[in-house]
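J.: Provided herewith: input24.cif, mmCIF, C-alpha atoms.
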data_input
loop_
_atom_site.label_atom_id
_atom_site.label_comp_id
_atom_site.auth_asym_id
_atom_site.auth_seq_id
_atom_site.Cartn_x
_atom_site.Cartn_y
_atom_site.Cartn_z
CA MET A 1 -1.44 -127.90 -61.23
CA LYS A 2 -3.78 -128.08 -58.28
CA ASN A 3 -4.22 -131.25 -56.28
CA LYS A 4 -6.79 -132.22 -53.75
CA PHE A 5 -6.03 -133.68 -50.39
CA HIS A 6 -8.12 -134.86 -47.54
CA LEU A 7 -7.70 -134.02 -43.86
CA SER A 8 -9.13 -136.83 -41.78
CA TYR A 9 -11.27 -136.32 -38.71
CA LYS A 10 -8.29 -137.29 -36.58
CA VAL A 11 -6.26 -134.55 -38.23
CA LEU A 12 -8.97 -132.01 -37.48
CA LEU A 13 -8.95 -132.95 -33.81
CA ASN A 14 -5.19 -132.63 -33.67
CA LEU A 15 -5.37 -129.20 -35.27
CA LEU A 16 -7.96 -128.02 -32.80
CA LEU A 17 -5.86 -129.33 -29.93
CA ALA A 18 -2.88 -127.44 -31.27
CA VAL A 19 -4.90 -124.22 -31.45
CA MET A 20 -6.01 -124.65 -27.88
CA LEU A 21 -2.47 -125.15 -26.70
CA LEU A 22 -1.03 -122.25 -28.65
CA VAL A 23 -3.43 -119.65 -27.24
CA SER A 24 -2.96 -117.93 -23.89
CA PHE A 25 -5.38 -115.67 -22.14
CA GLY A 26 -5.42 -112.88 -19.61
CA ALA A 27 -7.76 -112.59 -16.69
CA SER A 28 -11.32 -112.17 -17.81
CA ALA A 29 -14.15 -109.95 -16.67
CA HIS A 30 -16.14 -113.17 -16.62
CA ALA A 31 -14.47 -114.00 -13.31
CA GLU A 32 -15.70 -110.75 -11.77
CA GLU A 33 -19.35 -111.73 -11.85
CA ASN A 34 -19.12 -113.10 -8.32
CA GLU A 35 -16.54 -111.13 -6.37
CA PRO A 36 -15.48 -112.05 -2.83
CA ASP A 37 -17.25 -110.33 0.06
CA LEU A 38 -14.42 -108.63 1.96
CA THR A 39 -14.28 -105.95 4.63
CA ALA A 40 -10.68 -105.11 3.72
CA GLN A 41 -10.23 -101.73 2.07
CA TYR A 42 -7.09 -102.73 0.17
CA VAL A 43 -6.57 -106.06 -1.58
CA TYR A 44 -4.06 -107.36 -4.09
CA LEU A 45 -3.91 -110.92 -5.42
CA TYR A 46 -1.14 -111.62 -7.90
CA ASP A 47 0.27 -114.57 -9.83
CA PRO A 48 4.03 -114.01 -10.35
CA TYR A 49 4.26 -116.96 -12.75
CA THR A 50 2.02 -115.38 -15.36
CA ASN A 51 2.31 -111.75 -14.22
CA GLN A 52 -1.46 -111.58 -13.78
CA VAL A 53 -3.46 -109.67 -11.19
CA LEU A 54 -6.32 -111.99 -10.27
CA TYR A 55 -8.08 -109.57 -7.96
CA GLU A 56 -7.51 -106.08 -6.64
CA LYS A 57 -9.30 -103.50 -4.57
CA ASN A 58 -7.84 -100.00 -4.18
CA SER A 59 -4.44 -101.62 -4.69
CA THR A 60 -2.70 -98.47 -5.92
CA GLU A 61 -4.00 -96.18 -3.18
CA ARG A 62 -1.71 -95.12 -0.35
CA MET A 63 -2.05 -97.18 2.83
CA TYR A 64 -0.08 -97.90 6.01
CA PRO A 65 1.69 -101.27 6.19
CA ALA A 66 2.10 -101.60 9.98
CA SER A 67 4.11 -104.74 10.82
CA MET A 68 3.96 -105.98 7.23
CA THR A 69 6.95 -103.64 6.99
CA LYS A 70 9.02 -106.40 8.59
CA PHE A 71 9.02 -108.32 5.31
CA MET A 72 11.14 -105.49 3.88
CA THR A 73 13.29 -105.48 7.02
CA ALA A 74 13.92 -109.21 6.55
CA VAL A 75 14.85 -108.76 2.87
CA VAL A 76 17.40 -106.02 3.60
CA ALA A 77 18.81 -107.67 6.74
CA THR A 78 19.33 -111.10 5.16
CA GLU A 79 21.26 -109.53 2.29
CA LYS A 80 23.64 -107.81 4.70
CA LEU A 81 23.82 -110.18 7.68
CA THR A 82 24.88 -113.36 5.92
CA ASP A 83 26.38 -114.98 9.05
CA LEU A 84 23.26 -116.31 10.75
CA ASP A 85 25.23 -117.40 13.83
CA ARG A 86 26.56 -113.90 14.47
CA ARG A 87 25.47 -112.61 17.85
CA VAL A 88 23.91 -109.17 18.23
CA THR A 89 24.06 -107.39 21.57
CA ILE A 90 20.72 -105.82 22.49
CA SER A 91 21.16 -102.15 23.39
CA SER A 92 18.85 -99.59 24.97
CA GLU A 93 18.58 -97.84 21.61
CA MET A 94 17.03 -100.99 20.11
CA LEU A 95 14.28 -101.01 22.76
CA ALA A 96 13.70 -97.28 23.15
CA GLY A 97 10.05 -96.17 22.93
CA LEU A 98 8.62 -99.57 22.00
CA SER A 99 6.83 -100.22 25.26
CA ALA A 100 5.34 -96.71 25.40
CA ARG A 101 3.93 -97.12 21.89
CA GLY A 102 2.41 -100.52 22.62
CA ALA A 103 4.58 -102.33 20.10
CA SER A 104 4.58 -106.11 19.95
CA VAL A 105 7.95 -107.43 21.09
CA ALA A 106 9.73 -110.78 21.23
CA GLY A 107 10.91 -110.12 24.79
CA TYR A 108 14.63 -109.37 24.61
CA SER A 109 16.36 -107.26 27.24
CA VAL A 110 19.41 -104.99 27.22
CA GLY A 111 22.55 -107.13 27.25
CA ASP A 112 21.00 -110.18 25.59
CA GLU A 113 23.01 -111.60 22.69
CA PRO A 114 20.71 -113.50 20.31
CA THR A 115 21.91 -114.76 16.95
CA VAL A 116 20.89 -113.15 13.67
CA LYS A 117 18.84 -116.25 12.87
CA ASP A 118 16.97 -116.07 16.18
CA LEU A 119 16.26 -112.37 15.60
CA LEU A 120 14.78 -113.10 12.18
CA TYR A 121 12.40 -115.67 13.65
CA ALA A 122 11.63 -113.30 16.56
CA MET A 123 10.69 -110.56 14.11
CA LEU A 124 8.61 -112.56 11.62
CA LEU A 125 6.78 -114.97 13.94
CA PRO A 126 5.65 -112.99 17.04
CA SER A 127 6.27 -109.73 15.14
CA GLY A 128 8.95 -108.49 17.54
CA ALA A 129 9.71 -104.79 17.04
CA ASP A 130 12.72 -105.23 19.34
CA ALA A 131 14.13 -107.86 16.98
CA ALA A 132 13.45 -105.60 13.97
CA ASN A 133 15.40 -102.72 15.55
CA ALA A 134 18.24 -105.06 16.50
CA LEU A 135 18.57 -106.35 12.95
CA ALA A 136 18.44 -102.83 11.54
CA ILE A 137 21.18 -101.43 13.78
CA ALA A 138 23.33 -104.54 13.34
CA SER A 139 22.97 -104.14 9.56
CA SER A 140 23.44 -100.40 9.10
CA GLY A 141 24.65 -98.95 12.40
CA SER A 142 21.51 -96.86 12.94
CA LEU A 143 17.77 -96.94 12.42
CA GLY A 144 17.95 -93.96 10.07
CA GLY A 145 20.65 -95.58 8.00
CA PHE A 146 18.64 -98.77 7.74
CA ALA A 147 15.50 -96.86 6.66
CA LYS A 148 17.55 -95.35 3.84
CA GLU A 149 18.57 -98.82 2.71
CA MET A 150 14.94 -99.96 2.90
CA ASN A 151 13.95 -97.20 0.49
CA GLU A 152 16.84 -98.08 -1.81
CA MET A 153 15.62 -101.68 -1.85
CA ALA A 154 12.07 -100.50 -2.55
CA ALA A 155 13.29 -98.58 -5.60
CA ARG A 156 15.31 -101.59 -6.72
CA ILE A 157 12.30 -103.89 -6.81
CA GLY A 158 9.90 -101.37 -8.32
CA MET A 159 7.93 -100.22 -5.27
CA GLU A 160 7.34 -96.77 -6.74
CA HIS A 161 4.70 -95.63 -4.25
CA SER A 162 6.31 -96.62 -0.95
CA HIS A 163 8.39 -94.83 1.67
CA PHE A 164 9.82 -96.36 4.85
CA THR A 165 10.96 -94.59 8.01
CA SER A 166 11.45 -97.55 10.37
CA PRO A 167 12.15 -101.30 10.37
CA HIS A 168 9.10 -102.13 12.53
CA GLY A 169 6.23 -100.21 10.90
CA LEU A 170 4.80 -98.39 13.92
CA HIS A 171 2.66 -95.58 12.61
CA ASP A 172 4.29 -92.62 10.94
CA ASP A 173 2.44 -90.46 8.40
CA ASP A 174 5.54 -90.61 6.21
CA HIS A 175 5.75 -94.42 6.37
CA TYR A 176 3.43 -95.70 3.66
CA THR A 177 3.00 -98.07 0.72
CA THR A 178 0.30 -99.60 -1.49
CA ALA A 179 -1.10 -103.11 -1.67
CA GLU A 180 0.37 -103.45 -5.16
CA ASP A 181 3.82 -102.44 -3.90
CA LEU A 182 3.59 -104.98 -1.09
CA GLY A 183 2.76 -107.57 -3.73
CA LYS A 184 6.01 -106.66 -5.49
CA LEU A 185 7.85 -107.03 -2.19
CA LEU A 186 6.37 -110.48 -1.61
CA THR A 187 7.21 -111.54 -5.14
CA PHE A 188 10.82 -110.51 -4.58
CA ALA A 189 11.02 -112.04 -1.09
CA GLN A 190 9.77 -115.44 -2.24
CA LYS A 191 13.19 -116.04 -3.80
CA ASN A 192 14.75 -115.95 -0.33
CA ASP A 193 14.65 -119.51 0.99
CA LEU A 194 15.28 -118.50 4.60
CA ILE A 195 12.41 -116.01 4.68
CA ARG A 196 10.05 -118.59 3.14
CA GLU A 197 11.19 -121.16 5.71
CA ILE A 198 10.58 -118.78 8.61
CA ILE A 199 7.08 -117.68 7.63
CA ARG A 200 6.02 -121.31 7.10
CA THR A 201 7.04 -122.09 10.70
CA TRP A 202 4.44 -122.30 13.44
CA LYS A 203 6.79 -122.68 16.43
CA TYR A 204 10.47 -121.89 16.87
CA GLU A 205 12.82 -122.55 19.79
CA ALA A 206 15.41 -119.78 20.07
CA GLY A 207 18.67 -120.19 21.94
CA PRO A 208 19.29 -119.01 25.51
CA VAL A 209 20.18 -115.39 26.31
CA ALA A 210 20.95 -113.66 29.59
CA SER A 211 17.33 -112.74 30.32
CA HIS A 212 16.04 -116.16 29.22
CA PRO A 213 18.67 -118.77 30.16
CA ASN A 214 16.39 -121.62 29.07
CA GLY A 215 15.81 -120.13 25.65
CA MET A 216 12.71 -118.55 24.13
CA THR A 217 9.76 -119.97 22.19
CA PHE A 218 8.22 -117.99 19.34
CA PHE A 219 4.85 -118.68 17.69
CA SER A 220 3.53 -117.43 14.37
CA THR A 221 0.80 -114.82 14.78
CA SER A 222 -1.08 -116.27 11.79
CA LEU A 223 -0.33 -120.01 11.77
CA THR A 224 -1.22 -120.38 15.45
CA ILE A 225 -4.78 -119.36 14.66
CA ILE A 226 -4.99 -121.18 11.33
CA GLN A 227 -3.62 -124.47 12.63
CA ASN A 228 -6.03 -124.64 15.55
CA GLY A 229 -8.89 -124.41 13.07
CA THR A 230 -10.31 -121.10 14.26
CA VAL A 231 -9.98 -119.65 10.74
CA LYS A 232 -9.33 -121.47 7.48
CA ILE A 233 -7.34 -119.96 4.63
CA PRO A 234 -7.24 -122.46 1.74
CA GLY A 235 -3.75 -122.93 0.36
CA TYR A 236 -2.09 -120.68 2.97
CA ASP A 237 1.68 -121.03 2.74
CA GLY A 238 2.97 -118.53 5.28
CA GLY A 239 2.75 -114.81 5.78
CA LYS A 240 2.94 -111.84 8.11
CA THR A 241 0.21 -110.03 10.01
CA GLY A 242 0.13 -106.32 10.80
CA PHE A 243 -1.87 -103.91 12.94
CA THR A 244 -1.99 -100.30 14.02
CA GLY A 245 -5.03 -98.13 14.58
CA GLN A 246 -4.41 -96.36 11.28
CA ALA A 247 -3.51 -99.48 9.25
CA GLY A 248 -6.25 -101.71 10.59
CA ARG A 249 -5.96 -105.51 10.60
CA CYS A 250 -3.68 -106.73 7.81
CA LEU A 251 -2.15 -109.88 6.37
CA GLU A 252 0.34 -110.40 3.55
CA PHE A 253 0.89 -114.01 2.55
CA TYR A 254 1.69 -116.69 0.02
CA ALA A 255 -0.81 -119.30 -1.11
CA GLU A 256 -0.77 -122.38 -3.34
CA ILE A 257 -4.14 -123.21 -4.84
CA ASN A 258 -5.27 -124.97 -8.03
CA GLY A 259 -1.67 -125.27 -9.19
CA MET A 260 -1.03 -121.54 -8.75
CA GLU A 261 1.56 -120.01 -6.42
CA LEU A 262 0.15 -116.62 -5.47
CA VAL A 263 1.03 -113.58 -3.39
CA ALA A 264 -1.73 -111.74 -1.58
CA VAL A 265 -2.20 -108.60 0.48
CA VAL A 266 -5.31 -107.98 2.57
CA ALA A 267 -5.17 -104.67 4.43
CA LYS A 268 -7.34 -102.57 6.72
CA SER A 269 -9.94 -105.20 7.41
CA ARG A 270 -12.58 -104.37 9.98
CA ASN A 271 -10.75 -103.36 13.16
CA ASP A 272 -12.06 -106.07 15.42
CA TYR A 273 -9.40 -108.43 16.70
CA GLU A 274 -11.85 -110.81 18.33
CA SER A 275 -13.44 -111.54 14.94
CA LEU A 276 -10.03 -112.07 13.28
CA GLN A 277 -11.48 -110.30 10.28
CA HIS A 278 -8.16 -109.92 8.44
CA LEU A 279 -7.74 -113.71 8.51
CA LYS A 280 -11.37 -114.30 7.57
CA ASP A 281 -11.08 -111.89 4.66
CA SER A 282 -8.00 -113.76 3.51
CA GLY A 283 -9.85 -117.06 3.79
CA GLU A 284 -12.76 -115.70 1.78
CA LEU A 285 -10.37 -114.40 -0.87
CA MET A 286 -8.71 -117.80 -1.25
CA LEU A 287 -12.01 -119.65 -1.23
CA TRP A 288 -13.23 -117.40 -4.04
CA THR A 289 -9.97 -117.86 -5.92
CA GLY A 290 -10.17 -121.64 -5.67
CA THR A 291 -13.64 -121.69 -7.22
CA THR A 292 -12.99 -118.98 -9.80
CA TYR A 293 -9.54 -119.57 -11.22
CA ALA A 294 -7.51 -122.57 -12.26
CA ARG A 295 -4.35 -123.19 -14.19
CA TYR A 296 -4.50 -125.30 -17.31
CA GLU A 297 -1.10 -126.42 -18.45
CA ALA A 298 0.02 -128.67 -21.28
CA GLU A 299 3.37 -129.71 -22.55
CA GLY A 300 3.90 -132.52 -25.01
CA PRO A 301 5.95 -133.85 -27.88
CA TYR A 302 5.39 -133.25 -31.53
CA ARG A 303 2.45 -135.04 -33.07
CA ASP A 304 2.12 -136.77 -36.42
CA ILE A 305 -0.57 -135.45 -38.73
CA THR A 306 -1.52 -137.68 -41.61
CA VAL A 307 -2.33 -136.10 -44.96
CA GLN A 308 -3.83 -138.37 -47.58
CA TYR A 309 -3.41 -137.33 -51.19
CA ILE A 310 -6.46 -138.08 -53.31
CA ASP A 311 -4.47 -138.84 -56.45
CA SER A 312 -2.25 -141.48 -54.83
CA THR A 313 -2.35 -144.12 -52.16
CA GLU A 314 0.49 -142.51 -50.30
CA THR A 315 0.26 -141.26 -46.74
CA VAL A 316 2.88 -138.75 -45.62
CA HIS A 317 3.60 -137.41 -42.18
CA THR A 318 4.17 -133.86 -41.13
CA TYR A 319 4.69 -132.42 -37.67
CA LEU A 320 2.51 -129.88 -35.92
CA PRO A 321 4.33 -128.62 -32.83
CA PHE A 322 2.33 -128.25 -29.65
CA LYS A 323 5.01 -128.18 -27.00
CA VAL A 324 3.51 -125.26 -25.10
CA GLU A 325 2.85 -124.08 -21.57
CA TYR A 326 -0.15 -121.85 -21.10
CA ASP A 327 -2.46 -120.54 -18.43
CA VAL A 328 -6.13 -119.75 -18.37
CA ARG A 329 -7.59 -117.49 -15.70
CA ILE A 330 -11.24 -118.14 -16.42
CA ALA A 331 -13.89 -119.94 -14.41
CA HIS A 332 -14.71 -122.23 -17.33
CA PRO A 333 -12.34 -123.14 -20.16
CA PRO A 334 -13.18 -121.28 -23.37
CA VAL A 335 -14.37 -122.87 -26.57
CA ILE A 336 -11.97 -122.97 -29.49
CA GLU A 337 -13.73 -122.37 -32.80
CA ALA A 338 -11.75 -123.05 -35.97
CA ASP A 339 -13.05 -122.92 -39.54
CA ILE A 340 -11.13 -125.94 -40.78
CA PRO A 341 -13.07 -128.02 -43.33
CA GLU A 342 -12.60 -131.77 -43.53
CA THR A 343 -11.66 -131.59 -47.23
CA VAL A 344 -9.81 -128.67 -48.77
CA GLU A 345 -8.12 -127.78 -52.03
CA GLY A 346 -4.64 -126.35 -52.11
CA ASP A 347 -1.53 -125.86 -54.16
CA PHE A 348 1.22 -127.97 -52.62
CA ARG A 349 3.82 -125.56 -53.88
CA LYS A 350 2.54 -122.92 -51.46
CA GLN A 351 3.26 -125.21 -48.52
CA LYS A 352 1.01 -123.34 -46.05
CA LEU A 353 -2.70 -123.26 -45.40
CA LYS A 354 -4.21 -120.71 -43.02
CA TYR A 355 -7.46 -121.10 -41.08
CA PRO A 356 -9.20 -118.54 -38.86
CA VAL A 357 -9.72 -119.37 -35.19
CA ARG A 358 -11.61 -117.75 -32.33
CA VAL A 359 -11.47 -118.21 -28.58
CA VAL A 360 -14.95 -117.76 -27.15
CA LEU A 361 -16.31 -117.79 -23.59
CA ASP A 362 -19.53 -119.58 -22.76
CA ASP A 363 -21.32 -116.20 -22.69
CA GLY A 364 -20.26 -115.50 -26.28
CA THR A 365 -17.44 -113.10 -25.45
CA VAL A 366 -14.64 -113.38 -28.02
CA LEU A 367 -11.34 -113.36 -26.14
CA LYS A 368 -9.05 -113.65 -29.11
CA GLU A 369 -9.09 -114.03 -32.87
CA GLY A 370 -6.31 -115.18 -35.12
CA VAL A 371 -5.18 -117.78 -37.63
CA ILE A 372 -3.47 -121.12 -37.48
CA GLU A 373 -1.00 -122.13 -40.17
CA VAL A 374 -0.74 -125.72 -41.29
CA VAL A 375 2.36 -126.61 -43.27
CA ILE A 376 1.72 -129.24 -45.95
CA PRO A 377 4.73 -131.09 -47.40
CA LYS A 378 5.14 -131.31 -51.16
CA GLU A 379 3.86 -134.42 -52.84
CA PRO A 380 6.89 -136.67 -53.46
CA GLU A 381 8.19 -137.26 -56.98
CA PRO A 382 6.82 -140.42 -58.69
CA VAL A 383 10.01 -142.46 -58.24
CA LYS A 384 10.41 -141.45 -54.63
CA ARG A 385 6.72 -142.03 -54.06
CA PHE A 386 7.01 -145.50 -55.60
CA TRP A 387 9.91 -146.44 -53.36
CA LYS A 388 8.22 -144.93 -50.30
CA LEU A 389 5.10 -146.91 -51.02
CA TYR A 390 6.60 -150.20 -52.19
CA GLY A 391 10.27 -150.08 -51.20
CA VAL A 392 9.73 -151.90 -47.95
CA TYR A 393 7.74 -154.63 -49.64
CA ILE A 394 10.30 -155.05 -52.44
CA ALA A 395 13.15 -155.18 -49.94
CA CYS A 396 11.27 -157.74 -47.86
CA GLY A 397 10.54 -159.78 -50.98
CA ILE A 398 14.17 -159.78 -52.09
CA GLY A 399 15.25 -160.68 -48.59
CA ALA A 400 12.75 -163.51 -48.40
CA LEU A 401 13.81 -164.84 -51.80
CA ALA A 402 17.45 -164.73 -50.81
CA LEU A 403 16.64 -166.57 -47.61
CA VAL A 404 14.78 -169.27 -49.52
CA ILE A 405 17.73 -169.73 -51.88
CA VAL A 406 20.15 -170.01 -48.99
CA LEU A 407 17.96 -172.48 -47.15
CA ALA A 408 17.41 -174.54 -50.31
CA ALA A 409 21.10 -174.69 -50.95
CA ALA A 410 21.78 -175.75 -47.39
CA ALA A 411 19.16 -178.50 -47.56
CA ARG A 412 20.32 -180.01 -50.83
CA PRO A 413 21.71 -183.63 -50.31
CA LYS A 414 25.32 -184.22 -51.24
CA LYS A 415 26.13 -186.92 -53.88
CA LYS A 416 28.48 -189.68 -52.81
CA LYS A 417 31.50 -190.33 -55.01
CA ARG A 418 31.78 -193.87 -56.48
CA LYS A 419 35.03 -195.75 -56.00
CA LYS A 420 36.64 -197.11 -59.15
CA LYS A 421 37.36 -200.85 -59.18
CA ASN A 422 40.73 -202.18 -60.44
CA ALA A 423 40.49 -204.38 -63.50
#
As structure tokens - that is how I would like this structure written.

T.:
Amino acid sequence: MKNKFHLSYKVLLNLLLAVMLLVSFGASAHAEENEPDLTAQYVYLYDPYTNQVLYEKNSTERMYPASMTKFMTAVVATEKLTDLDRRVTISSEMLAGLSARGASVAGYSVGDEPTVKDLLYAMLLPSGADAANALAIASSGSLGGFAKEMNEMAARIGMEHSHFTSPHGLHDDDHYTTAEDLGKLLTFAQKNDLIREIIRTWKYEAGPVASHPNGMTFFSTSLTIIQNGTVKIPGYDGGKTGFTGQAGRCLEFYAEINGMELVAVVAKSRNDYESLQHLKDSGELMLWTGTTYARYEAEGPYRDITVQYIDSTETVHTYLPFKVEYDVRIAHPPVIEADIPETVEGDFRKQKLKYPVRVVLDDGTVLKEGVIEVVIPKEPEPVKRFWKLYGVYIACGIGALALVIVLAAAARPKKKKRKKKNA
């Protein structure tokens, strides 16, 4: 036998909320209507949390990484050189050819004995090629051996279109990568707390060595410019610059914006150091991201949904789960359309009702279509229904009556016994 039940307006709102929370979306072409104006030839913006590419430009084409290579050097070196206080003796092999090729160096000399920790800061902040070579030889015994381990690491983390020949990234036609591969490298490197700490550092005081008995001071090539206000990169959370004539001006970095933790690669920006175009491109990319994308998250408990049966005065409760985390990569939240009438007919024995839903952008684009299932509990048996409806009242009544009887008994005056007189 069919019964009718009524879903209240409150129920409808709860259902729609549940639909919204149960749907997740990918990046939309809607966000591409207003792309950032960048001079960079290669760009990759990625959200590791949701595995979404938010923006890309020639990201799978071969490019030269220049000093961005040193991120890979840091990853390999920190896995092998776990004693950060170990001292490494600077040799002539570590410095050979760097000056002639115009490499950026931290300033170590033959015979200096910096610690592994100091070398890591020297490599990632002022982009010291001397520090990169020192870490490589200390790790693997030779530059060639270290390059082999770099390529093994690249294969391990899925950098399928990369090949490394040196720890410093000075130009070599056979030393190449892609912006997408560098994004994979950054995603992997973010798990290394020491690397993240170093690239977030603006200034570092290294210990004394023979050629610098008072110690050495290293400054970040990116944060020095950003912190003095010359260029603004919204959400910037540390990174590494790179430059050669073939690679152009580059920056790989982390950013936190609108609740998103992102990795970004901006490579081969206009080759004009005075304009700091690689940093300006990065700032433009983050400014665009902040106004284009946002993360919408929700996580909550189970909610009660009230179903009123027409043929009885009973109200029962069911649970519609909406404990969900989701992300939307759209400029404006979509509209959830669900064909759920306020009053429906259904057979309680079937237990489930299905309603179609659509997720629609403000331009009418349908992102997703599907159904939502609402589970309706069976109508209780008459006896159970009676006790559910009136059991509390009956119990309260019996309790109240018992209390009255007890109180009445307690308040009743006691009769005094009369003494018998002797005749």

J.: Can you tell me which residues surround stretch 83-88 of chain A at a distance of at most 8 Å, considering only C-alpha atoms, apart from same-chain residues fewer than 6 positions away, and format the answer as a PDB file with C-alpha atoms, keeping the file's coordinate frame?

T.:
ATOM      1  CA  ASP A 112      21.000-110.180  25.590  1.00  0.00           C
ATOM      2  CA  GLU A 113      23.010-111.600  22.690  1.00  0.00           C
ATOM      3  CA  PRO A 114      20.710-113.500  20.310  1.00  0.00           C
ATOM      4  CA  THR A 115      21.910-114.760  16.950  1.00  0.00           C
ATOM      5  CA  VAL A 116      20.890-113.150  13.670  1.00  0.00           C
ATOM      6  CA  LYS A 117      18.840-116.250  12.870  1.00  0.00           C
ATOM      7  CA  ALA A 134      18.240-105.060  16.500  1.00  0.00           C
ATOM      8  CA  ALA A 138      23.330-104.540  13.340  1.00  0.00           C
TER       9      ALA A 138
END

J.: What do you get, as JSON, numbers by chain, if you spell out every residue that the PyMOL selection byres ((chain A and resi 195-203) around 6) selects here?

T.: {"A": [192, 193, 194, 204, 218, 219, 220, 223, 238, 239]}

J.: Between atom CA of A:Ser104 and atom CA of A:Leu262, what distance in Å does the model show, to one decimal?

T.: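 Straight-line distance from atom CA of A:Ser104 to atom CA of A:Leu262 works out to 27.9 Å.
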
J.: Tell me which of A:Leu251, A:Leu81, A:Ala147, A:Pro356 sits closest to A:Gly183, counting all atoms listed in the file.

T.: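 Result for the nearest residue to A:Gly183: A:Leu251.
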
J.: Name the closest residue to A:Thr291 among the candidates A:Val366, A:Ala131, A:Ile257, A:Val75; distances are taken between atoms, counting all atoms listed in the file.

T.: A:Ile257

J.: Mind giving me the straight-line distance from atom CA of A:Tyr64 to atom CA of A:Gly229 in Å, one decimal?

T.: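 Separation between atom CA of A:Tyr64 and atom CA of A:Gly229: 28.8 Å.
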
J.: At what distance in Å, to one decimal, does atom CA of A:Tyr254 lie from atom CA of A:Asp181?

T.: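 Between atom CA of A:Asp181 and atom CA of A:Tyr254 the gap works out to 14.9 Å.
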